[in-house]
Structures are given as structure tokens and as C-alpha cells.
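J.: Below is a structure I'd like to ask you about.
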Amino acid sequence: MKYIIVLGDGMADEPIHELGDKTPLAYAVTPTMDELSKKSEIGLCSTIPKGMKPGSDTANLSVLGYNPRLYYTGRSPLEALSIGVALKETDIALRCNIVTLSDDTLPYEEKNILDHSASEISTEDAAVLLEAIKKELENDIYKYYLGTSYRHLTIWDNGQVVELVPPHDILGKVIGTYLPEDAYLKSMMMKSYDILNNHPLNVERAKKGLNKANSIWFWGAGTKPALTSFEKEFQKKGAMISAVDLLKGIAVGASMKVVEVEGADGTLHTNYEGKAKAAVTELMENKFDFVYIHVEAPDEMGHQGSIPNKIKAIEYLDSRVIRVVKEEMEAYGADYRMLIMPDHPTPIHCRTHTSDPVPYLLYDSTKDAAGSKSYNEAEAAKSGKFVQNGYEMIHKLFEDDIIS
């Protein structure tokens, strides 16, 4: 038996009036998921432990079978593992986004945050801008490391875990009350605007109609993580397929294989088919037991507040990932179990994550379940099935009988 998780990041949502009070998942044309749903177990799963913040970090740890209360030490340290930064016990890792603030004459504290991803900036453009930041701001205490797209890293030697606000939680708001209390972190963010706003690359981006990547933004502080080996924990040889450093970092921490897919970039236009085919290759040719296929696009479109593009991201997930995996596994004649779910909702109306339970679809190629007419939030709620602890969901996939 082979095991697959297809994770549509932020795919769950709330009913939207413009969609006839349907969610994007219910509205999207998803023939493959609808076909599977008729012979799959459908239900709801709570991935965020009570009292913890609904981040992709805590949620994906849960889905992968790790209790966030035991294993979570912050988001940025997990990304540091992916980038290859060796953390000391006294280091604090910070996510360093490159964001878009309003380009006006107002003081820094009075500017609005317009875009947490700076028009989904390419890693190539981000590298140029981060180099300018390093030249002016890096010192023996604060080191900057290039990540992917808008997602980068700062290591604070002998630092402190301080409360910092994720930029995607405050889109459209005046930033003053959300800036770090730590004076030096705040000063670096303020100086970054002066360095970046009129940088030649940003001048060219503005001419092209792209958002200026004109400020850094710190968040997600944490300490060195200590995950257990996935293979030792679950007796399954596992591989991770994702374009996002966070997921790659979780995989590195769990001693899983990280599979790089050309053209996988975490955007709406990622290489969906490449991810699907890479997953099947790991399972059938490289003899792995388990693959985790993570697709970031639904979450990014939720943060952007784009109803049409969130629907498109879900339809791409259905037709270009799930369908491809299903057809290729069937062509091999393989027995497999596939779990399809989001990590958390990213509702269009608030453009950030919530802690609401998410719908799951659990398919077994060797047997039929009672099923449902389609896979969406409402159908999952109607099923009456509910997994309270998200980190136990993987045991349902592996048929470990931990959940009755």
C-alpha cells in the first residue's frame, strides 16, 4: 500500500455571496475530487490546537502527524532548516518578508501594508533587494539569508523570542500599532524602506505595474527545532514535495526526503503536473511509502482576496495534481490511500488564516466508503465525522486504529 497526502494550503473558506453563498471549494469545478468523494470518507478535522495561532506551520505539523504543542518552536527555525542555516541553541530565527507598503510621503508608522508578497516577487528580484539590505543592515548580531520569493530569514544572535505580527494578518491596515516593540528590529524595518523604495529594481517593477518590494517585515520568531524522524515515528519512508521553505524545513527536521521540482514556485502558476509526477516517481520507482504534496496557491489567492484566482487554484489542484496522481497510480496498478485536505482556512473576506475545522477526503483504491456527492465544507460537516486532534489524522490514513 502507498500513502499520499495532497495538501491544498488555505483551500477551505466560508460561503461567499457572489458565489451564491457557496465556498470557493464548493463552487469550483472539481470532477476528480467529486468522483473520489462518492467512494471516500468525508469529514472535518481540527488542525489547530486550542489557543495556538492558525499558521501554516502549526497546521502542517498537525497534518504530518506532529502535535504542535510538543514540537512547535516557531515558524522561522523550520525555514532555517530548509535554507541550510545551522542554528545555535542561543539563536533566534525570524521570518523576513519583503512586502509592499504604500509609496507616499507619510511617516513609516503611518503607511499601509498593501501586499505581503510584493506581487509574488521572484526569487531573482528578491535576491537583488536582499543584497542591498545586507550591505546596509547586516552585522555580527543580525544575519540575513535568501529564501524563496518574498520569504527570507534573519538570524538574531543571542536574541529573544518576541511577539511579532504576520504581515498577511494586517493587509490594508496602517502599520504603526503592529510594528515590533524591540527598538532595533523596528529601526531596521524603517531603514529598509529608505533602502528599497527607490531602488532601481523597484523603479522598474513599478513601471511594469508590479508592486514595489519596498520594506522588510519581521515575524515568526523561534528557537532551534527538534522534530523526531518521520520514518521512526510512523514506520514509513516519506518524501516532501513543496515549493515553500517552511514545508521543506519540516521535512528536513523530520529526516524526510525533500524533492525539488523544476518550476514549482508556490504561486498560482506553479508546476502542478511536475509535482504530481514527482510524487508518483518517489512512490513507484524510488520505493517510498509516503509522499506529501503541498500546493501553496489557494492560500496565496486567499491572502490576495481574489475569488476567481482562488477558484482557479482549487481547479488546478483537482485537474493537474489529483487527477494526474490518480491516473498514474492506476496505470501502475498500485494500491494506495490518498488524503486530500487543507491545512487551515484562508477566507477571502478576511484574507488571513482562521482556526475553523477543515474538510478532509480519505480515499482507498482497494475499497469503497459510504461517500458523499461532492467534497466541500458543507458536505464534510453533514457527514458527522470529526477528527478533534489534527495530528491524529495521519493515523487514519495509515490505518493505525488510533482513532475509533
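For the C-alpha cells, the naming scheme is as follows: chains receive sequential letters (A, B, ...) according to their order of presentation, residues are indexed from 1 within each chain, and ligands are indexed from 1 in presentation order.
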Excluding A:Gly238 and residues on its chain fewer than 6 positions from it, collect all residues at most 6 Å away from it, counting only C-alpha atoms, and give them as a list in words.
T.: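 Once the adjacent positions are removed, what remains is Met256, Phe290 and Val291 of chain A.
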J.: Got a sec to tell me which of stretch 247-325 of chain A DSSP assigns to strand (DSSP E), as an MDAnalysis selection string?
T.: chainID A and resid 257:259 290:295
J.: Find the residues of stretch 203-306 of chain A that sit at most 7 Å from stretch 100-122 of chain A; for each, write down the nearest two atoms and how far apart they are in Å, to one decimal. Count only C-alpha atoms. Sort by chain, then by number going up, and give it as JSON lines.
T.:
```
{"residue": "A:Leu210", "atom": "CA", "partner": "A:Ser119", "partner_atom": "CA", "distance": 6.1}
{"residue": "A:Asn211", "atom": "CA", "partner": "A:Ala118", "partner_atom": "CA", "distance": 5.4}
{"residue": "A:Lys212", "atom": "CA", "partner": "A:Thr100", "partner_atom": "CA", "distance": 5.7}
{"residue": "A:Ala213", "atom": "CA", "partner": "A:Thr100", "partner_atom": "CA", "distance": 5.1}
{"residue": "A:Asn214", "atom": "CA", "partner": "A:Thr100", "partner_atom": "CA", "distance": 5.5}
{"residue": "A:Ser215", "atom": "CA", "partner": "A:Thr100", "partner_atom": "CA", "distance": 6.4}
```
J.: For the residues in the current selection, export all heavy atoms as a PDB file, in the first residue's frame.
T.:
```
ATOM      1  N   LEU A 210       3.986  46.262 -11.329  1.00  0.00           N
ATOM      2  CA  LEU A 210       4.168  45.390 -10.177  1.00  0.00           C
ATOM      3  C   LEU A 210       4.279  46.214  -8.902  1.00  0.00           C
ATOM      4  O   LEU A 210       4.738  47.363  -8.930  1.00  0.00           O
ATOM      5  CB  LEU A 210       5.434  44.546 -10.346  1.00  0.00           C
ATOM      6  CG  LEU A 210       5.462  43.585 -11.535  1.00  0.00           C
ATOM      7  CD1 LEU A 210       6.855  42.986 -11.688  1.00  0.00           C
ATOM      8  CD2 LEU A 210       4.423  42.492 -11.358  1.00  0.00           C
ATOM      9  N   ASN A 211       3.889  45.622  -7.786  1.00  0.00           N
ATOM     10  CA  ASN A 211       4.044  46.302  -6.509  1.00  0.00           C
ATOM     11  C   ASN A 211       5.521  46.424  -6.154  1.00  0.00           C
ATOM     12  O   ASN A 211       6.296  45.484  -6.343  1.00  0.00           O
ATOM     13  CB  ASN A 211       3.326  45.534  -5.402  1.00  0.00           C
ATOM     14  CG  ASN A 211       1.819  45.660  -5.492  1.00  0.00           C
ATOM     15  OD1 ASN A 211       1.307  46.656  -5.993  1.00  0.00           O
ATOM     16  ND2 ASN A 211       1.114  44.664  -5.004  1.00  0.00           N
ATOM     17  N   LYS A 212       5.893  47.573  -5.635  1.00  0.00           N
ATOM     18  CA  LYS A 212       7.258  47.745  -5.145  1.00  0.00           C
ATOM     19  C   LYS A 212       7.487  46.822  -3.946  1.00  0.00           C
ATOM     20  O   LYS A 212       6.637  46.702  -3.072  1.00  0.00           O
ATOM     21  CB  LYS A 212       7.492  49.191  -4.700  1.00  0.00           C
ATOM     22  CG  LYS A 212       7.682  50.186  -5.819  1.00  0.00           C
ATOM     23  CD  LYS A 212       8.056  51.542  -5.227  1.00  0.00           C
ATOM     24  CE  LYS A 212       8.411  52.555  -6.306  1.00  0.00           C
ATOM     25  NZ  LYS A 212       8.820  53.852  -5.709  1.00  0.00           N
ATOM     26  N   ALA A 213       8.640  46.181  -3.921  1.00  0.00           N
ATOM     27  CA  ALA A 213       9.045  45.388  -2.753  1.00  0.00           C
ATOM     28  C   ALA A 213       9.886  46.309  -1.880  1.00  0.00           C
ATOM     29  O   ALA A 213      11.117  46.312  -1.958  1.00  0.00           O
ATOM     30  CB  ALA A 213       9.840  44.168  -3.208  1.00  0.00           C
ATOM     31  N   ASN A 214       9.208  47.127  -1.068  1.00  0.00           N
ATOM     32  CA  ASN A 214       9.886  48.294  -0.507  1.00  0.00           C
ATOM     33  C   ASN A 214      10.101  48.291   1.003  1.00  0.00           C
ATOM     34  O   ASN A 214      10.464  49.312   1.582  1.00  0.00           O
ATOM     35  CB  ASN A 214       9.158  49.576  -0.920  1.00  0.00           C
ATOM     36  CG  ASN A 214       7.701  49.603  -0.485  1.00  0.00           C
ATOM     37  OD1 ASN A 214       7.258  48.757   0.284  1.00  0.00           O
ATOM     38  ND2 ASN A 214       6.965  50.594  -0.993  1.00  0.00           N
ATOM     39  N   SER A 215       9.901  47.143   1.661  1.00  0.00           N
ATOM     40  CA  SER A 215      10.214  47.075   3.091  1.00  0.00           C
ATOM     41  C   SER A 215      10.403  45.619   3.496  1.00  0.00           C
ATOM     42  O   SER A 215       9.790  44.716   2.920  1.00  0.00           O
ATOM     43  CB  SER A 215       9.094  47.693   3.935  1.00  0.00           C
ATOM     44  OG  SER A 215       9.414  47.652   5.325  1.00  0.00           O
TER      45      SER A 215
END
```
J.: Kindly give the distance, in Å, that separates atom CA of A:Ala276 and atom CA of A:Val324, rounded to a single decimal.
T.: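 Between atom CA of A:Ala276 and atom CA of A:Val324 the gap is 6.2 Å.
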J.: Skipping near chain neighbours, those fewer than 6 positions away, what residues fall within 6 Å of stretch 71-80 of chain A using only C-alpha atoms, listed as a count of residues only?
T.: 14
J.: Which residue, A:Lys186, A:His395, A:His353, A:Lys257, has the smallest gap to A:Asp169 when you use only C-alpha atoms?
T.: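 Nearest to A:Asp169: A:His353.
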J.: Might you pull out every residue within 9 Å of A:Met329, with only C-alpha atoms counted and same-chain residues fewer than 6 positions away left off, and present them as number ranges by chain?
T.: A: 280, 284, 335-336
J.: Would you save the residues of that selection, restricted to N, CA and C atoms, as a PDB file, in the first residue's frame?
T.:
```pdb
ATOM      1  N   VAL A 280       4.545  10.380  -7.800  1.00  0.00           N
ATOM      2  CA  VAL A 280       4.383   9.002  -8.262  1.00  0.00           C
ATOM      3  C   VAL A 280       5.748   8.344  -8.466  1.00  0.00           C
ATOM      4  N   MET A 284       6.649   4.867  -6.725  1.00  0.00           N
ATOM      5  CA  MET A 284       6.673   3.657  -7.547  1.00  0.00           C
ATOM      6  C   MET A 284       8.073   3.276  -8.055  1.00  0.00           C
ATOM      7  N   ASP A 335      -1.946  -0.208  -5.288  1.00  0.00           N
ATOM      8  CA  ASP A 335      -2.909   0.052  -4.218  1.00  0.00           C
ATOM      9  C   ASP A 335      -2.435   1.276  -3.451  1.00  0.00           C
ATOM     10  N   TYR A 336      -3.344   2.210  -3.205  1.00  0.00           N
ATOM     11  CA  TYR A 336      -2.927   3.428  -2.497  1.00  0.00           C
ATOM     12  C   TYR A 336      -4.086   4.030  -1.723  1.00  0.00           C
TER      13      TYR A 336
END
```
J.: Using only C-alpha atoms, can you tell me which of A:Lys135, A:Met190, A:Arg320, A:Ser229 comes closest to A:Glu273?
T.: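 Answer, going by the shortest atom-to-atom distance: A:Arg320.
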